Amino acid sequence: MPVDTVIFSGEGSHADAWHAFAETSAAIANLVGEAGQVAIVTAVDHLAAALDGARLLVVNASADRTAPIAEDQEFGRVLDDFLAGGGGLLALHSATIAFPQLATWRSTVGAAWERGRTFHPPIGTALIRRTDVAHPITAGLLDFEVYDERYTDLELLDGVDVETLYVHDEGGATHPLVWARTAGSGRVVYDALGHDTRSYESPGHVELLRRILAWLRHEC
């Protein structure tokens, strides 16, 4: 059975000290597909081969650095080719920190963690609110609670159209947490949740992810 989904799980230059990517990637793998249909990749130079024939790329990574490296550019080329072929991208949580200064990544996701501005309240149980945007992902879904970090004041890129599906409230303001967009022939979702495996114990978050996966695979 061919691989349908590839999870790029952060290691080395694509990781940080605050996220246990091996653990969360394993939890994600249990959600996104059946055994044998999901591949977890930790090296950029293995990514292109892994994505051959796949429909979905999940990026569960970060970066404890501010300067780009050569691998970032290679990742950008692989991503552009994948989306041009109609692939779907799910970027999770700290993916907005990954691949610093890579313009194609920032414009694809639609936002980035801005050092000195972006933050998150202490991890804990929080209400995640559905917006009134009509979208196949959220049709019939409700607000939900999750134990997680809530990224706040992300740098949202001008000129990148997104459909905000879920938000949270912090500091007297509303902040986007989950959004969807198209990128040429490809589809993209950013889900700012997923700090650790407790996020994937929330029934509401799990159901949202199942809807996201179906939309990214052009099944709805």
# chains A, B, ... in the order shown; residues from 1 in each chain; ligands from 1
call {"tool": "residues_around", "arguments": {"residues": "segment 152-168 of chain A", "least_positions_apart": "6", "cutoff": "10 Å", "atoms": "only C-alpha atoms", "output": "PyMOL selection string"}}
result
chain A and resi 96+106-115+117-121+126-135+137-138+142-144+174-183+188-192+208
call {"tool": "residues_around", "arguments": {"residues": "segment 17-27 of chain A", "least_positions_apart": "3", "cutoff": "8 Å", "atoms": "only C-alpha atoms", "output": "list in words"}}
result
Ile7, Ser9, Gly10, Glu11, Asn30, Leu31, Ile40, Asn60, Ala61, Asp64, Gly194, His195, Asp196, Thr197 and Tyr200 of chain A
call {"tool": "select_by_dssp", "arguments": {"residues": "chain A", "states": "strand (DSSP E)", "output": "number ranges by chain"}}
result
A: 5-9, 38-41, 56-60, 88-92, 111-112, 124-130, 144-148, 155-156, 163-170, 173-183, 186-191
call {"tool": "closest_residue", "arguments": {"among": "A:Asp81, A:Glu145, A:Glu71, A:Asp4", "to": "Val38 of chain A", "atoms": "only C-alpha atoms"}}
result
A:Asp4
call {"tool": "select_by_dssp", "arguments": {"residues": "segment 2-154 of chain A", "states": "helix (DSSP H, G or I)", "output": "PDB file with N, CA and C atoms, in the first residue's frame"}}
result
ATOM      1  N   GLY A  12      17.236  18.036  15.159  1.00  0.00           N
ATOM      2  CA  GLY A  12      18.415  18.841  14.893  1.00  0.00           C
ATOM      3  C   GLY A  12      18.097  20.300  14.655  1.00  0.00           C
ATOM      4  N   SER A  13      18.467  20.809  13.493  1.00  0.00           N
ATOM      5  CA  SER A  13      18.252  22.217  13.153  1.00  0.00           C
ATOM      6  C   SER A  13      16.789  22.559  12.947  1.00  0.00           C
ATOM      7  N   HIS A  14      15.931  21.557  12.922  1.00  0.00           N
ATOM      8  CA  HIS A  14      14.497  21.781  12.710  1.00  0.00           C
ATOM      9  C   HIS A  14      13.702  21.420  13.964  1.00  0.00           C
ATOM     10  N   PHE A  21       8.966  16.443  19.574  1.00  0.00           N
ATOM     11  CA  PHE A  21       8.393  16.156  18.262  1.00  0.00           C
ATOM     12  C   PHE A  21       8.228  14.669  17.985  1.00  0.00           C
ATOM     13  N   ALA A  22       9.127  13.836  18.469  1.00  0.00           N
ATOM     14  CA  ALA A  22       8.968  12.396  18.243  1.00  0.00           C
ATOM     15  C   ALA A  22       7.657  11.901  18.850  1.00  0.00           C
ATOM     16  N   GLU A  23       7.312  12.410  20.031  1.00  0.00           N
ATOM     17  CA  GLU A  23       6.075  11.991  20.689  1.00  0.00           C
ATOM     18  C   GLU A  23       4.843  12.525  19.969  1.00  0.00           C
ATOM     19  N   THR A  24       4.842  13.817  19.638  1.00  0.00           N
ATOM     20  CA  THR A  24       3.656  14.371  18.982  1.00  0.00           C
ATOM     21  C   THR A  24       3.505  13.836  17.561  1.00  0.00           C
ATOM     22  N   SER A  25       4.599  13.598  16.868  1.00  0.00           N
ATOM     23  CA  SER A  25       4.492  13.042  15.515  1.00  0.00           C
ATOM     24  C   SER A  25       3.909  11.638  15.541  1.00  0.00           C
ATOM     25  N   ALA A  26       4.262  10.863  16.562  1.00  0.00           N
ATOM     26  CA  ALA A  26       3.672   9.520  16.698  1.00  0.00           C
ATOM     27  C   ALA A  26       2.181   9.613  16.964  1.00  0.00           C
ATOM     28  N   ALA A  27       1.772  10.569  17.796  1.00  0.00           N
ATOM     29  CA  ALA A  27       0.343  10.750  18.061  1.00  0.00           C
ATOM     30  C   ALA A  27      -0.395  11.189  16.797  1.00  0.00           C
ATOM     31  N   ILE A  28       0.216  12.070  16.043  1.00  0.00           N
ATOM     32  CA  ILE A  28      -0.392  12.547  14.799  1.00  0.00           C
ATOM     33  C   ILE A  28      -0.513  11.396  13.804  1.00  0.00           C
ATOM     34  N   ALA A  29       0.520  10.577  13.727  1.00  0.00           N
ATOM     35  CA  ALA A  29       0.490   9.444  12.792  1.00  0.00           C
ATOM     36  C   ALA A  29      -0.694   8.532  13.067  1.00  0.00           C
ATOM     37  N   ASN A  30      -1.042   8.366  14.338  1.00  0.00           N
ATOM     38  CA  ASN A  30      -2.190   7.523  14.688  1.00  0.00           C
ATOM     39  C   ASN A  30      -3.507   8.126  14.235  1.00  0.00           C
ATOM     40  N   LEU A  31      -3.519   9.441  14.039  1.00  0.00           N
ATOM     41  CA  LEU A  31      -4.744  10.119  13.631  1.00  0.00           C
ATOM     42  C   LEU A  31      -4.900  10.223  12.121  1.00  0.00           C
ATOM     43  N   VAL A  32      -3.788  10.346  11.410  1.00  0.00           N
ATOM     44  CA  VAL A  32      -3.881  10.745  10.009  1.00  0.00           C
ATOM     45  C   VAL A  32      -4.019   9.587   9.032  1.00  0.00           C
ATOM     46  N   VAL A  44      15.454  16.600   5.692  1.00  0.00           N
ATOM     47  CA  VAL A  44      14.950  17.276   4.499  1.00  0.00           C
ATOM     48  C   VAL A  44      15.370  16.540   3.229  1.00  0.00           C
ATOM     49  N   ASP A  45      16.588  15.988   3.207  1.00  0.00           N
ATOM     50  CA  ASP A  45      17.050  15.340   1.972  1.00  0.00           C
ATOM     51  C   ASP A  45      16.338  14.021   1.686  1.00  0.00           C
ATOM     52  N   HIS A  46      15.501  13.549   2.609  1.00  0.00           N
ATOM     53  CA  HIS A  46      14.692  12.350   2.365  1.00  0.00           C
ATOM     54  C   HIS A  46      13.249  12.701   1.988  1.00  0.00           C
ATOM     55  N   LEU A  47      12.926  13.984   2.045  1.00  0.00           N
ATOM     56  CA  LEU A  47      11.525  14.377   1.945  1.00  0.00           C
ATOM     57  C   LEU A  47      10.963  14.199   0.535  1.00  0.00           C
ATOM     58  N   ALA A  48      11.692  14.610  -0.479  1.00  0.00           N
ATOM     59  CA  ALA A  48      11.176  14.533  -1.848  1.00  0.00           C
ATOM     60  C   ALA A  48      10.817  13.101  -2.224  1.00  0.00           C
ATOM     61  N   ALA A  49      11.695  12.167  -1.908  1.00  0.00           N
ATOM     62  CA  ALA A  49      11.425  10.759  -2.237  1.00  0.00           C
ATOM     63  C   ALA A  49      10.224  10.242  -1.462  1.00  0.00           C
ATOM     64  N   ALA A  50      10.117  10.643  -0.192  1.00  0.00           N
ATOM     65  CA  ALA A  50       9.003  10.180   0.634  1.00  0.00           C
ATOM     66  C   ALA A  50       7.670  10.691   0.113  1.00  0.00           C
ATOM     67  N   LEU A  51       7.662  11.908  -0.445  1.00  0.00           N
ATOM     68  CA  LEU A  51       6.415  12.513  -0.908  1.00  0.00           C
ATOM     69  C   LEU A  51       5.967  12.012  -2.276  1.00  0.00           C
ATOM     70  N   ALA A  70      21.065  25.947   4.484  1.00  0.00           N
ATOM     71  CA  ALA A  70      20.846  25.464   3.111  1.00  0.00           C
ATOM     72  C   ALA A  70      19.657  24.516   3.030  1.00  0.00           C
ATOM     73  N   GLU A  71      19.437  23.717   4.061  1.00  0.00           N
ATOM     74  CA  GLU A  71      18.326  22.771   4.048  1.00  0.00           C
ATOM     75  C   GLU A  71      16.979  23.473   3.952  1.00  0.00           C
ATOM     76  N   ASP A  72      16.887  24.682   4.476  1.00  0.00           N
ATOM     77  CA  ASP A  72      15.627  25.420   4.403  1.00  0.00           C
ATOM     78  C   ASP A  72      15.231  25.673   2.949  1.00  0.00           C
ATOM     79  N   GLN A  73      16.191  26.086   2.141  1.00  0.00           N
ATOM     80  CA  GLN A  73      15.908  26.333   0.728  1.00  0.00           C
ATOM     81  C   GLN A  73      15.488  25.058   0.011  1.00  0.00           C
ATOM     82  N   GLU A  74      16.131  23.960   0.349  1.00  0.00           N
ATOM     83  CA  GLU A  74      15.747  22.673  -0.251  1.00  0.00           C
ATOM     84  C   GLU A  74      14.331  22.299   0.144  1.00  0.00           C
ATOM     85  N   PHE A  75      13.986  22.507   1.414  1.00  0.00           N
ATOM     86  CA  PHE A  75      12.619  22.248   1.850  1.00  0.00           C
ATOM     87  C   PHE A  75      11.640  23.095   1.052  1.00  0.00           C
ATOM     88  N   GLY A  76      11.960  24.370   0.852  1.00  0.00           N
ATOM     89  CA  GLY A  76      11.077  25.251   0.087  1.00  0.00           C
ATOM     90  C   GLY A  76      10.848  24.755  -1.326  1.00  0.00           C
ATOM     91  N   ARG A  77      11.884  24.258  -1.960  1.00  0.00           N
ATOM     92  CA  ARG A  77      11.725  23.734  -3.327  1.00  0.00           C
ATOM     93  C   ARG A  77      10.838  22.494  -3.346  1.00  0.00           C
ATOM     94  N   VAL A  78      11.041  21.607  -2.382  1.00  0.00           N
ATOM     95  CA  VAL A  78      10.215  20.393  -2.306  1.00  0.00           C
ATOM     96  C   VAL A  78       8.759  20.761  -2.047  1.00  0.00           C
ATOM     97  N   LEU A  79       8.541  21.695  -1.129  1.00  0.00           N
ATOM     98  CA  LEU A  79       7.179  22.113  -0.806  1.00  0.00           C
ATOM     99  C   LEU A  79       6.488  22.726  -2.007  1.00  0.00           C
ATOM    100  N   ASP A  80       7.161  23.616  -2.714  1.00  0.00           N
ATOM    101  CA  ASP A  80       6.557  24.267  -3.881  1.00  0.00           C
ATOM    102  C   ASP A  80       6.144  23.231  -4.925  1.00  0.00           C
ATOM    103  N   ASP A  81       6.992  22.251  -5.173  1.00  0.00           N
ATOM    104  CA  ASP A  81       6.671  21.202  -6.151  1.00  0.00           C
ATOM    105  C   ASP A  81       5.478  20.377  -5.688  1.00  0.00           C
ATOM    106  N   PHE A  82       5.433  20.075  -4.403  1.00  0.00           N
ATOM    107  CA  PHE A  82       4.350  19.254  -3.858  1.00  0.00           C
ATOM    108  C   PHE A  82       3.007  19.968  -3.974  1.00  0.00           C
ATOM    109  N   LEU A  83       2.970  21.243  -3.609  1.00  0.00           N
ATOM    110  CA  LEU A  83       1.722  21.996  -3.696  1.00  0.00           C
ATOM    111  C   LEU A  83       1.318  22.228  -5.151  1.00  0.00           C
ATOM    112  N   ALA A  84       2.293  22.444  -6.025  1.00  0.00           N
ATOM    113  CA  ALA A  84       1.983  22.634  -7.445  1.00  0.00           C
ATOM    114  C   ALA A  84       1.321  21.404  -8.040  1.00  0.00           C
ATOM    115  N   HIS A  93       1.273  23.971  15.006  1.00  0.00           N
ATOM    116  CA  HIS A  93       1.840  24.616  16.191  1.00  0.00           C
ATOM    117  C   HIS A  93       3.123  25.392  15.875  1.00  0.00           C
ATOM    118  N   SER A  94       4.274  24.869  16.276  1.00  0.00           N
ATOM    119  CA  SER A  94       5.530  25.611  16.147  1.00  0.00           C
ATOM    120  C   SER A  94       6.070  25.648  14.725  1.00  0.00           C
ATOM    121  N   ALA A  95       5.310  25.151  13.756  1.00  0.00           N
ATOM    122  CA  ALA A  95       5.738  25.267  12.354  1.00  0.00           C
ATOM    123  C   ALA A  95       5.900  26.721  11.940  1.00  0.00           C
ATOM    124  N   THR A  96       5.234  27.633  12.630  1.00  0.00           N
ATOM    125  CA  THR A  96       5.405  29.062  12.315  1.00  0.00           C
ATOM    126  C   THR A  96       6.771  29.573  12.773  1.00  0.00           C
ATOM    127  N   ALA A 103      11.006  32.775   2.724  1.00  0.00           N
ATOM    128  CA  ALA A 103       9.837  33.535   2.272  1.00  0.00           C
ATOM    129  C   ALA A 103       8.721  32.631   1.772  1.00  0.00           C
ATOM    130  N   THR A 104       9.070  31.575   1.048  1.00  0.00           N
ATOM    131  CA  THR A 104       8.029  30.710   0.492  1.00  0.00           C
ATOM    132  C   THR A 104       7.269  29.987   1.601  1.00  0.00           C
ATOM    133  N   TRP A 105       7.952  29.674   2.709  1.00  0.00           N
ATOM    134  CA  TRP A 105       7.275  29.018   3.825  1.00  0.00           C
ATOM    135  C   TRP A 105       6.325  29.986   4.512  1.00  0.00           C
ATOM    136  N   ARG A 106       6.780  31.194   4.775  1.00  0.00           N
ATOM    137  CA  ARG A 106       5.949  32.184   5.443  1.00  0.00           C
ATOM    138  C   ARG A 106       4.707  32.502   4.618  1.00  0.00           C
ATOM    139  N   SER A 107       4.886  32.668   3.311  1.00  0.00           N
ATOM    140  CA  SER A 107       3.737  33.013   2.478  1.00  0.00           C
ATOM    141  C   SER A 107       2.793  31.840   2.299  1.00  0.00           C
ATOM    142  N   THR A 108       3.307  30.625   2.345  1.00  0.00           N
ATOM    143  CA  THR A 108       2.442  29.443   2.233  1.00  0.00           C
ATOM    144  C   THR A 108       1.592  29.277   3.483  1.00  0.00           C
ATOM    145  N   VAL A 109       2.208  29.371   4.648  1.00  0.00           N
ATOM    146  CA  VAL A 109       1.472  29.207   5.909  1.00  0.00           C
ATOM    147  C   VAL A 109       0.599  30.427   6.183  1.00  0.00           C
TER     148      VAL A 109
END
call {"tool": "atom_distance", "arguments": {"atom1": "atom CA of Gly86 of chain A", "atom2": "atom CA of Gln37 of chain A"}}
result
18.4 Å
call {"tool": "atom_distance", "arguments": {"atom1": "atom CA of Leu57 of chain A", "atom2": "atom CA of Val6 of chain A"}}
result
4.9 Å
call {"tool": "decode", "arguments": {"residues": "segment 60-80 of chain A", "atoms": "N, CA and C atoms", "output": "PDB file, in the first residue's frame"}}
result
ATOM      1  N   ASN A  60       5.541  19.112  11.451  1.00  0.00           N
ATOM      2  CA  ASN A  60       5.545  19.175  12.906  1.00  0.00           C
ATOM      3  C   ASN A  60       6.990  19.441  13.315  1.00  0.00           C
ATOM      4  N   ALA A  61       7.393  20.707  13.221  1.00  0.00           N
ATOM      5  CA  ALA A  61       8.798  21.066  13.383  1.00  0.00           C
ATOM      6  C   ALA A  61       8.910  22.478  13.947  1.00  0.00           C
ATOM      7  N   SER A  62      10.147  22.923  14.149  1.00  0.00           N
ATOM      8  CA  SER A  62      10.404  24.246  14.697  1.00  0.00           C
ATOM      9  C   SER A  62      11.827  24.636  14.307  1.00  0.00           C
ATOM     10  N   ALA A  63      12.417  25.591  15.010  1.00  0.00           N
ATOM     11  CA  ALA A  63      13.821  25.958  14.805  1.00  0.00           C
ATOM     12  C   ALA A  63      14.268  26.817  15.973  1.00  0.00           C
ATOM     13  N   ASP A  64      15.331  26.415  16.632  1.00  0.00           N
ATOM     14  CA  ASP A  64      15.900  27.215  17.719  1.00  0.00           C
ATOM     15  C   ASP A  64      17.049  28.042  17.145  1.00  0.00           C
ATOM     16  N   ARG A  65      16.728  28.843  16.144  1.00  0.00           N
ATOM     17  CA  ARG A  65      17.714  29.668  15.441  1.00  0.00           C
ATOM     18  C   ARG A  65      16.981  30.763  14.706  1.00  0.00           C
ATOM     19  N   THR A  66      17.709  31.803  14.326  1.00  0.00           N
ATOM     20  CA  THR A  66      17.111  32.899  13.554  1.00  0.00           C
ATOM     21  C   THR A  66      17.645  32.956  12.134  1.00  0.00           C
ATOM     22  N   ALA A  67      18.766  32.311  11.881  1.00  0.00           N
ATOM     23  CA  ALA A  67      19.385  32.363  10.555  1.00  0.00           C
ATOM     24  C   ALA A  67      18.983  31.149   9.726  1.00  0.00           C
ATOM     25  N   PRO A  68      18.809  31.339   8.420  1.00  0.00           N
ATOM     26  CA  PRO A  68      18.483  30.199   7.554  1.00  0.00           C
ATOM     27  C   PRO A  68      19.694  29.310   7.325  1.00  0.00           C
ATOM     28  N   ILE A  69      19.440  28.080   6.910  1.00  0.00           N
ATOM     29  CA  ILE A  69      20.485  27.142   6.508  1.00  0.00           C
ATOM     30  C   ILE A  69      20.112  26.598   5.134  1.00  0.00           C
ATOM     31  N   ALA A  70      21.065  25.947   4.484  1.00  0.00           N
ATOM     32  CA  ALA A  70      20.846  25.464   3.111  1.00  0.00           C
ATOM     33  C   ALA A  70      19.657  24.516   3.030  1.00  0.00           C
ATOM     34  N   GLU A  71      19.437  23.717   4.061  1.00  0.00           N
ATOM     35  CA  GLU A  71      18.326  22.771   4.048  1.00  0.00           C
ATOM     36  C   GLU A  71      16.979  23.473   3.952  1.00  0.00           C
ATOM     37  N   ASP A  72      16.887  24.682   4.476  1.00  0.00           N
ATOM     38  CA  ASP A  72      15.627  25.420   4.403  1.00  0.00           C
ATOM     39  C   ASP A  72      15.231  25.673   2.949  1.00  0.00           C
ATOM     40  N   GLN A  73      16.191  26.086   2.141  1.00  0.00           N
ATOM     41  CA  GLN A  73      15.908  26.333   0.728  1.00  0.00           C
ATOM     42  C   GLN A  73      15.488  25.058   0.011  1.00  0.00           C
ATOM     43  N   GLU A  74      16.131  23.960   0.349  1.00  0.00           N
ATOM     44  CA  GLU A  74      15.747  22.673  -0.251  1.00  0.00           C
ATOM     45  C   GLU A  74      14.331  22.299   0.144  1.00  0.00           C
ATOM     46  N   PHE A  75      13.986  22.507   1.414  1.00  0.00           N
ATOM     47  CA  PHE A  75      12.619  22.248   1.850  1.00  0.00           C
ATOM     48  C   PHE A  75      11.640  23.095   1.052  1.00  0.00           C
ATOM     49  N   GLY A  76      11.960  24.370   0.852  1.00  0.00           N
ATOM     50  CA  GLY A  76      11.077  25.251   0.087  1.00  0.00           C
ATOM     51  C   GLY A  76      10.848  24.755  -1.326  1.00  0.00           C
ATOM     52  N   ARG A  77      11.884  24.258  -1.960  1.00  0.00           N
ATOM     53  CA  ARG A  77      11.725  23.734  -3.327  1.00  0.00           C
ATOM     54  C   ARG A  77      10.838  22.494  -3.346  1.00  0.00           C
ATOM     55  N   VAL A  78      11.041  21.607  -2.382  1.00  0.00           N
ATOM     56  CA  VAL A  78      10.215  20.393  -2.306  1.00  0.00           C
ATOM     57  C   VAL A  78       8.759  20.761  -2.047  1.00  0.00           C
ATOM     58  N   LEU A  79       8.541  21.695  -1.129  1.00  0.00           N
ATOM     59  CA  LEU A  79       7.179  22.113  -0.806  1.00  0.00           C
ATOM     60  C   LEU A  79       6.488  22.726  -2.007  1.00  0.00           C
ATOM     61  N   ASP A  80       7.161  23.616  -2.714  1.00  0.00           N
ATOM     62  CA  ASP A  80       6.557  24.267  -3.881  1.00  0.00           C
ATOM     63  C   ASP A  80       6.144  23.231  -4.925  1.00  0.00           C
TER      64      ASP A  80
END
